[in-house]
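Visitor: To be precise about what I am sending: the file is called target-v1.cif and holds mmCIF, C-alpha atoms.
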```cif
data_run
#
loop_
_atom_site.label_atom_id
_atom_site.label_comp_id
_atom_site.auth_asym_id
_atom_site.auth_seq_id
_atom_site.Cartn_x
_atom_site.Cartn_y
_atom_site.Cartn_z
CA MET A 26 -6.06 28.61 -15.04
CA ILE A 27 -6.16 25.54 -12.83
CA THR A 28 -9.56 24.16 -11.93
CA THR A 29 -10.49 21.11 -9.94
CA SER A 30 -13.55 18.91 -9.97
CA THR A 31 -14.73 16.07 -7.74
CA GLN A 32 -17.53 15.12 -10.12
CA ARG A 33 -15.62 13.50 -12.98
CA LEU A 34 -14.12 10.53 -11.14
CA PRO A 35 -16.50 7.52 -11.19
CA LEU A 36 -14.55 5.89 -8.33
CA LEU A 37 -15.55 8.72 -5.97
CA ARG A 38 -19.25 7.97 -6.48
CA ARG A 39 -18.75 4.34 -5.47
CA ILE A 40 -17.02 4.81 -2.11
CA PRO A 41 -19.76 3.11 0.00
CA TRP A 42 -19.86 0.09 -2.35
CA LEU A 43 -16.07 -0.14 -2.34
CA GLY A 44 -16.03 0.00 1.47
CA ALA A 45 -18.70 -2.72 1.79
CA SER A 46 -16.94 -4.95 -0.78
CA ALA A 47 -13.60 -4.46 0.97
CA LEU A 48 -15.11 -5.38 4.34
CA VAL A 49 -16.75 -8.57 2.98
CA ALA A 50 -13.56 -9.57 1.16
CA ALA A 51 -11.49 -8.92 4.31
CA VAL A 52 -13.77 -11.16 6.42
CA VAL A 53 -13.60 -13.94 3.77
CA THR A 54 -9.80 -13.55 3.70
CA LEU A 55 -9.60 -13.88 7.48
CA TYR A 56 -11.58 -17.14 7.33
CA LEU A 57 -9.56 -18.57 4.44
CA SER A 58 -6.18 -17.60 5.87
CA LEU A 59 -6.73 -18.52 9.52
CA VAL A 60 -9.06 -21.56 9.17
CA TRP A 61 -9.35 -22.99 5.63
CA SER A 62 -5.76 -22.76 4.41
CA PRO A 63 -3.49 -25.64 5.57
CA PRO A 64 -0.36 -25.04 7.67
CA ASP A 65 2.89 -25.00 5.73
CA ALA A 66 5.00 -28.20 5.68
CA VAL A 67 8.06 -26.32 6.99
CA GLN A 68 6.80 -23.14 8.67
CA GLY A 69 3.60 -24.59 10.19
CA ASP A 70 0.97 -22.04 11.23
CA VAL A 71 3.50 -19.19 11.11
CA ALA A 72 3.17 -19.29 7.29
CA ARG A 73 -0.32 -17.77 7.70
CA ILE A 74 1.45 -14.42 8.13
CA LEU A 75 2.22 -14.45 4.40
CA TYR A 76 -1.47 -13.73 3.67
CA VAL A 77 -1.03 -10.23 5.11
CA HIS A 78 2.68 -9.75 4.39
CA VAL A 79 2.63 -10.52 0.64
CA PRO A 80 -0.54 -8.53 -0.24
CA ALA A 81 0.84 -5.53 1.67
CA ALA A 82 4.03 -5.73 -0.46
CA TRP A 83 2.16 -6.12 -3.75
CA LEU A 84 -0.21 -3.27 -2.90
CA ALA A 85 2.71 -1.04 -1.98
CA TYR A 86 4.11 -1.74 -5.48
CA LEU A 87 0.69 -1.01 -7.01
CA ALA A 88 0.33 2.23 -5.02
CA PHE A 89 3.73 3.49 -6.19
CA VAL A 90 3.04 2.51 -9.82
CA VAL A 91 -0.16 4.59 -9.54
CA VAL A 92 1.96 7.47 -8.17
CA PHE A 93 4.19 7.11 -11.26
CA LEU A 94 1.25 7.06 -13.71
CA ALA A 95 -0.52 9.97 -12.00
CA SER A 96 2.75 11.95 -11.96
CA VAL A 97 3.22 11.44 -15.71
CA ALA A 98 -0.44 12.42 -16.25
CA TRP A 99 0.02 15.62 -14.17
CA LEU A 100 3.12 16.69 -16.13
CA TRP A 101 1.32 15.90 -19.38
CA SER A 102 -2.07 17.49 -18.70
CA ARG A 103 -1.64 19.80 -15.66
CA LYS A 104 -4.98 18.58 -14.32
CA PRO A 105 -4.95 18.81 -10.48
CA VAL A 106 -6.91 15.58 -10.14
CA TYR A 107 -3.76 13.64 -11.13
CA ASP A 108 -1.75 15.36 -8.40
CA ALA A 109 -4.51 14.42 -5.94
CA ILE A 110 -4.32 10.78 -7.06
CA ALA A 111 -0.50 10.82 -6.77
CA VAL A 112 -0.39 12.16 -3.20
CA ALA A 113 -3.25 9.89 -2.10
CA SER A 114 -1.61 6.79 -3.53
CA ALA A 115 1.82 7.73 -2.13
CA GLU A 116 0.36 8.09 1.37
CA ILE A 117 -1.37 4.70 1.18
CA GLY A 118 1.78 3.15 -0.34
CA VAL A 119 3.82 4.39 2.63
CA LEU A 120 1.23 2.83 4.97
CA PHE A 121 1.45 -0.52 3.15
CA THR A 122 5.26 -0.40 3.03
CA GLY A 123 5.34 0.30 6.76
CA LEU A 124 3.08 -2.72 7.25
CA VAL A 125 5.36 -4.87 5.06
CA LEU A 126 8.33 -3.95 7.28
CA VAL A 127 6.56 -4.42 10.63
CA VAL A 128 4.70 -7.63 9.67
CA GLY A 129 7.84 -8.90 7.95
CA SER A 130 9.77 -8.34 11.16
CA ILE A 131 7.15 -10.33 13.08
CA TYR A 132 7.41 -13.07 10.39
CA ALA A 133 11.22 -13.07 10.56
CA LYS A 134 11.51 -13.76 14.29
CA PRO A 135 10.07 -17.34 14.31
CA THR A 136 11.44 -18.25 10.84
CA TRP A 137 14.90 -16.62 10.79
CA GLY A 138 15.41 -16.20 14.55
CA VAL A 139 15.87 -12.41 14.34
CA TRP A 140 13.54 -9.40 14.11
CA TRP A 141 15.77 -7.66 11.56
CA THR A 142 18.83 -8.46 9.48
CA TRP A 143 20.81 -6.41 6.98
CA GLU A 144 19.90 -8.30 3.82
CA PRO A 145 18.98 -6.99 0.32
CA ARG A 146 15.17 -7.33 0.34
CA LEU A 147 14.81 -5.71 3.74
CA LEU A 148 17.25 -2.91 2.93
CA THR A 149 15.67 -2.06 -0.44
CA THR A 150 12.17 -2.13 1.10
CA ALA A 151 13.30 0.16 3.92
CA GLY A 152 14.83 2.39 1.23
CA MET A 153 11.51 2.47 -0.65
CA PHE A 154 9.73 3.44 2.59
CA ALA A 155 12.20 6.30 3.19
CA MET A 156 11.97 7.52 -0.43
CA TYR A 157 8.18 7.85 -0.46
CA LEU A 158 8.17 9.31 3.04
CA GLY A 159 10.55 11.89 1.58
CA TYR A 160 8.15 12.36 -1.36
CA LEU A 161 5.38 13.28 1.10
CA LEU A 162 7.71 15.61 3.05
CA VAL A 163 8.89 17.38 -0.13
CA ARG A 164 5.28 18.26 -0.88
CA GLY A 165 5.27 20.41 2.25
CA LEU A 166 8.23 22.55 1.12
CA SER A 167 6.31 24.81 -1.27
CA THR A 168 2.96 26.54 -0.91
CA ASP A 169 2.75 27.18 -4.66
CA PHE A 170 0.42 24.46 -5.97
CA GLU A 171 1.94 24.00 -9.43
CA ARG A 172 5.55 24.06 -8.22
CA ARG A 173 4.80 21.54 -5.48
CA ALA A 174 2.90 19.22 -7.81
CA THR A 175 5.65 19.36 -10.44
CA ARG A 176 8.47 18.70 -7.97
CA ALA A 177 6.50 15.81 -6.49
CA ALA A 178 5.74 14.42 -9.97
CA VAL A 179 9.44 14.32 -10.86
CA LEU A 180 10.14 12.38 -7.65
CA GLY A 181 7.17 10.09 -8.30
CA ILE A 182 8.60 9.22 -11.72
CA VAL A 183 12.20 8.72 -10.53
CA PHE A 184 11.34 6.69 -7.41
CA VAL A 185 9.39 4.03 -9.34
CA VAL A 186 12.79 2.61 -10.39
CA ASP A 187 13.09 1.18 -6.86
CA ILE A 188 10.17 -1.25 -7.35
CA PRO A 189 11.95 -3.73 -9.67
CA ILE A 190 15.07 -3.33 -7.50
CA VAL A 191 13.08 -4.38 -4.40
CA HIS A 192 11.38 -7.26 -6.21
CA LEU A 193 14.47 -8.62 -7.96
CA SER A 194 16.96 -7.95 -5.13
CA VAL A 195 16.51 -11.55 -3.91
CA LEU A 196 17.67 -12.80 -7.33
CA TRP A 197 20.50 -10.32 -7.87
CA MET A 198 22.18 -10.73 -4.47
CA ASN A 199 22.65 -13.41 -1.83
CA SER A 200 19.50 -13.07 0.24
CA LEU A 201 18.03 -14.64 3.35
CA HIS A 202 14.57 -13.68 2.09
CA GLN A 203 12.52 -16.26 0.20
CA LEU A 204 12.80 -16.14 -3.59
CA PRO A 205 9.72 -15.14 -5.65
CA THR A 206 7.10 -17.89 -5.21
CA VAL A 207 4.18 -16.69 -7.36
CA LEU A 208 5.61 -14.25 -9.93
CA ARG A 209 8.72 -16.25 -10.86
CA ALA A 210 10.52 -16.65 -14.14
CA GLY A 211 10.49 -20.05 -15.83
CA GLY A 212 7.53 -21.65 -14.06
CA GLY A 213 4.14 -21.32 -12.41
CA PRO A 214 3.50 -20.53 -8.76
CA ALA A 215 5.35 -22.88 -6.40
CA MET A 216 2.56 -23.14 -3.79
CA GLU A 217 -0.04 -25.64 -2.63
CA SER A 218 -3.33 -24.87 -4.44
CA ARG A 219 -5.36 -23.85 -1.33
CA MET A 220 -2.56 -21.61 -0.13
CA LEU A 221 -2.30 -20.00 -3.58
CA PHE A 222 -6.08 -19.48 -3.74
CA THR A 223 -6.08 -17.88 -0.26
CA LEU A 224 -3.20 -15.62 -1.26
CA LEU A 225 -5.04 -14.50 -4.41
CA VAL A 226 -8.24 -13.76 -2.42
CA ALA A 227 -6.14 -11.85 0.14
CA ASN A 228 -4.68 -9.79 -2.71
CA LEU A 229 -8.15 -9.09 -4.08
CA ALA A 230 -9.33 -7.98 -0.62
CA GLY A 231 -6.23 -5.81 -0.28
CA ALA A 232 -6.88 -4.24 -3.68
CA LEU A 233 -10.44 -3.37 -2.63
CA VAL A 234 -9.16 -1.84 0.63
CA TYR A 235 -6.61 0.13 -1.40
CA GLY A 236 -9.32 1.33 -3.82
CA TRP A 237 -11.58 2.38 -0.96
CA LEU A 238 -8.82 4.26 0.90
CA LEU A 239 -7.61 5.84 -2.35
CA ALA A 240 -11.08 7.12 -3.28
CA ARG A 241 -11.59 8.64 0.18
CA ARG A 242 -8.13 10.24 0.24
CA VAL A 243 -8.50 11.63 -3.30
CA ARG A 244 -11.82 13.22 -2.36
CA ILE A 245 -10.19 14.97 0.64
CA GLU A 246 -7.35 16.24 -1.56
CA LEU A 247 -9.75 17.53 -4.24
CA ASP A 248 -11.78 19.36 -1.58
CA ARG A 249 -8.54 20.85 -0.23
CA GLN A 250 -7.41 21.90 -3.71
CA ALA A 251 -10.79 23.52 -4.40
CA ARG A 252 -10.64 25.46 -1.10
CA LEU A 253 -7.08 26.67 -1.72
CA LEU A 254 -7.81 27.66 -5.33
CA ALA A 255 -10.97 29.50 -4.24
CA ALA A 256 -8.97 31.37 -1.60
CA ARG A 257 -6.32 32.33 -4.17
CA SER A 258 -8.76 33.69 -6.77
CA MET B 10 8.27 -27.96 10.98
CA ILE B 11 8.10 -24.86 13.20
CA GLU B 12 5.83 -25.72 16.15
CA GLY B 13 3.48 -23.10 17.62
CA GLY B 14 4.13 -19.49 16.74
CA LEU B 15 0.45 -18.53 16.86
CA GLU B 16 1.33 -15.46 18.94
CA PHE B 17 3.29 -14.15 15.93
CA VAL B 18 0.32 -14.82 13.63
CA VAL B 19 -2.03 -12.97 15.99
CA ALA B 20 0.43 -10.06 16.29
CA ALA B 21 0.82 -9.76 12.49
CA TYR B 22 -2.94 -9.72 11.85
CA ALA B 23 -3.61 -7.37 14.77
CA VAL B 24 -0.99 -4.87 13.59
CA THR B 25 -2.45 -4.91 10.07
CA ILE B 26 -6.07 -4.48 11.16
CA VAL B 27 -5.27 -1.74 13.70
CA ALA B 28 -3.10 0.19 11.21
CA LEU B 29 -5.73 0.09 8.45
CA ALA B 30 -8.54 1.00 10.86
CA ALA B 31 -6.50 3.89 12.30
CA TYR B 32 -5.77 5.24 8.80
CA ALA B 33 -9.43 4.92 7.76
CA ARG B 34 -10.43 6.76 10.93
CA SER B 35 -7.89 9.50 10.27
CA LEU B 36 -9.34 9.93 6.76
CA ALA B 37 -12.83 10.33 8.26
CA ALA B 38 -11.51 13.00 10.65
CA ARG B 39 -9.64 14.83 7.88
CA SER B 40 -12.72 14.70 5.64
CA GLY B 41 -14.80 16.26 8.43
CA ASN B 42 -12.20 18.99 9.02
CA GLU B 43 -12.00 19.77 5.29
CA SER B 44 -15.79 20.07 5.06
CA LYS B 45 -15.81 22.52 8.01
CA ARG B 46 -13.00 24.64 6.50
CA SER B 47 -14.74 24.76 3.12
CA ARG B 48 -17.88 26.27 4.65
#
```
Please go through the file and, once you have read it, give me the structure as structure tokens.

Guide:
Amino acid sequence: MITTSTQRLPLLRRIPWLGASALVAAVVTLYLSLVWSPPDAVQGDVARILYVHVPAAWLAYLAFVVVFLASVAWLWSRKPVYDAIAVASAEIGVLFTGLVLVVGSIYAKPTWGVWWTWEPRLLTTAGMFAMYLGYLLVRGLSTDFERRATRAAVLGIVFVVDIPIVHLSVLWMNSLHQLPTVLRAGGGPAMESRMLFTLLVANLAGALVYGWLLARRVRIELDRQARLLAARS
Amino acid sequence: MIEGGLEFVVAAYAVTIVALAAYARSLAARSGNESKRSR
């Protein structure tokens, strides 16, 4: 017998606090990135785009790792809350991946001279976007809750393989995209200290936004599950 | 150094803020719909 509960997740009771913290962090990030942080020696003010582009990419990775963990937890425990977390995180991950592609395109025009080019990082990111969009579409193919959740969980586990491929594609192949600057092997971050600090604050703000959106989306999914299970019984 | 380019910076931030706000708003609408259907 499958049951669902919205009461056992502490995150769901802190939605207003998460929202307020995310808003404050976002305003601080806007100040740091547009005013306090210096222009880049090569890219000038255009480099300020990295404070939205990079966090969106990292949060997309985080969202899809959460999909993976929640998918494993669903297959292991059969608790519907894990399926709710997986679908919520996948949806937000698709949003962030879409932002990575659009903002990256805006970043590419003044720095590379083109809106789009067929190079490894862009292709693998576009592939990741298509895969998780497919994940969301597959969920609509079955009305049976358990079958749908299990199919989606298998995809959520398999698709996580794409994350290291996206991240390391710039090292494995000839790429126009910049090499890893912060998380790089054999050395610390290769960034000016104020730029690095701003990037870290932007990531923190992004993580709070992600947590806030995730909590709200999970609550909707749990309500939906409860309604469907009540209608079935 | 690349001179100017502020229009690209404004566009990138605007796209991000509008997308996140639109998604947050859609969640509010979906939450309201779900509450109505549950009653």

Visitor: Carefully work through the PyMOL selection byres ((chain B and resi 33) around 12) for this structure and note down the residues it includes, as a list in words.

Guide: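 Listing what the PyMOL selection byres ((chain B and resi 33) around 12) selects in the shown file: Gly44, Ile117, Leu120, Val234, Tyr235, Trp237, Leu238, Leu239, Ala240, Arg241 and Arg242 of chain A; Ile26, Val27, Ala28, Leu29, Ala30, Ala31, Tyr32, Arg34, Ser35, Leu36, Ala37, Ala38, Arg39 and Ser40 of chain B.
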
Visitor: Could you build a table of the residues in chain A lying no more than 6 Å from chain B, giving for each the nearest pair of atoms and their separation in Å rounded to one decimal place, using all atoms listed in the file, ordered by chain and ascending residue number, as CSV?

Guide:
```
residue,atom,partner,partner_atom,distance
A:Val67,CA,B:Met10,CA,4.3
A:Gln68,CA,B:Ile11,CA,5.0
A:Gly69,CA,B:Ile11,CA,5.4
A:Val71,CA,B:Gly14,CA,5.7
A:Ile74,CA,B:Val18,CA,5.6
A:Val128,CA,B:Ala21,CA,5.2
A:Ile245,CA,B:Ser40,CA,5.6
A:Arg252,CA,B:Ser47,CA,5.9
```

Visitor: When you count only C-alpha atoms, which of these residues is closest to Ala88 (chain A): A:Trp101, A:Asp65, A:Asp108, A:Glu116?

Guide: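 Nearest to Ala88 (chain A): A:Glu116.
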
Visitor: How many Å separate CA of Ala111 (chain A) from CA of Val97 (chain A)?

Guide: 9.7 Å

Visitor: Report, in Å with one decimal, the straight-line distance from CA of Leu221 (chain A) to CA of Ile40 (chain A).

Guide: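 Atom-to-atom, CA of Leu221 (chain A) and CA of Ile40 (chain A) are spaced 28.9 Å apart.
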
Visitor: Hey, which of A:Leu193, A:Ala51, A:Leu100, A:Val92 ends up closest to Tyr160 (chain A)? Count all atoms listed in the file.

Guide: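 Nearest to Tyr160 (chain A): A:Val92.
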
Visitor: Report, as AutoDock Vina command-line options, the axis-aligned box around all atoms of region 11-30 of chain B present in the file, extended by 8 Å on each side; give centre and edge lengths in Å to one decimal place.

Guide:
```
--center_x -0.2 --center_y -12.4 --center_z 13.7 --size_x 32.6 --size_y 42.7 --size_z 26.5
```

Visitor: Between CA of Thr223 (chain A) and CA of Leu57 (chain A), what is the spacing in Å?

Guide: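 Going from CA of Leu57 (chain A) over to CA of Thr223 (chain A), I get 5.9 Å.
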
Visitor: Report as a ChimeraX atom specification the residues that result from applying the PyMOL selection byres ((chain A and resi 78) around 9) to the structure here.

Guide: /A:74-77,79-83,124-126,128-129,132 /B:21

Visitor: For Val186 (chain A), which of A:Tyr56, A:Phe93, A:Trp137, A:Trp143 is the closest residue, counting all atoms listed in the file?

Guide: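 Nearest candidate to Val186 (chain A) out of A:Tyr56, A:Phe93, A:Trp137, A:Trp143: A:Phe93.
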
Visitor: Tell me, as a PyMOL selection string, which residues lie within 9 Å of Phe184 (chain A), counting all atoms listed in the file; anything in the same chain fewer than 2 positions away does not count.

Guide: chain A and resi 89+93+153+156-157+160+179-182+186-188

Visitor: Just to be explicit: take each residue in the selection above, keep C-alpha atoms, and write the result as a PDB file, in the coordinates of the input.

Guide:
```
ATOM      1  CA  PHE A  89       3.730   3.490  -6.190  1.00  0.00           C
ATOM      2  CA  PHE A  93       4.190   7.110 -11.260  1.00  0.00           C
ATOM      3  CA  MET A 153      11.510   2.470  -0.650  1.00  0.00           C
ATOM      4  CA  MET A 156      11.970   7.520  -0.430  1.00  0.00           C
ATOM      5  CA  TYR A 157       8.180   7.850  -0.460  1.00  0.00           C
ATOM      6  CA  TYR A 160       8.150  12.360  -1.360  1.00  0.00           C
ATOM      7  CA  VAL A 179       9.440  14.320 -10.860  1.00  0.00           C
ATOM      8  CA  LEU A 180      10.140  12.380  -7.650  1.00  0.00           C
ATOM      9  CA  GLY A 181       7.170  10.090  -8.300  1.00  0.00           C
ATOM     10  CA  ILE A 182       8.600   9.220 -11.720  1.00  0.00           C
ATOM     11  CA  VAL A 186      12.790   2.610 -10.390  1.00  0.00           C
ATOM     12  CA  ASP A 187      13.090   1.180  -6.860  1.00  0.00           C
ATOM     13  CA  ILE A 188      10.170  -1.250  -7.350  1.00  0.00           C
TER      14      ILE A 188
END
```
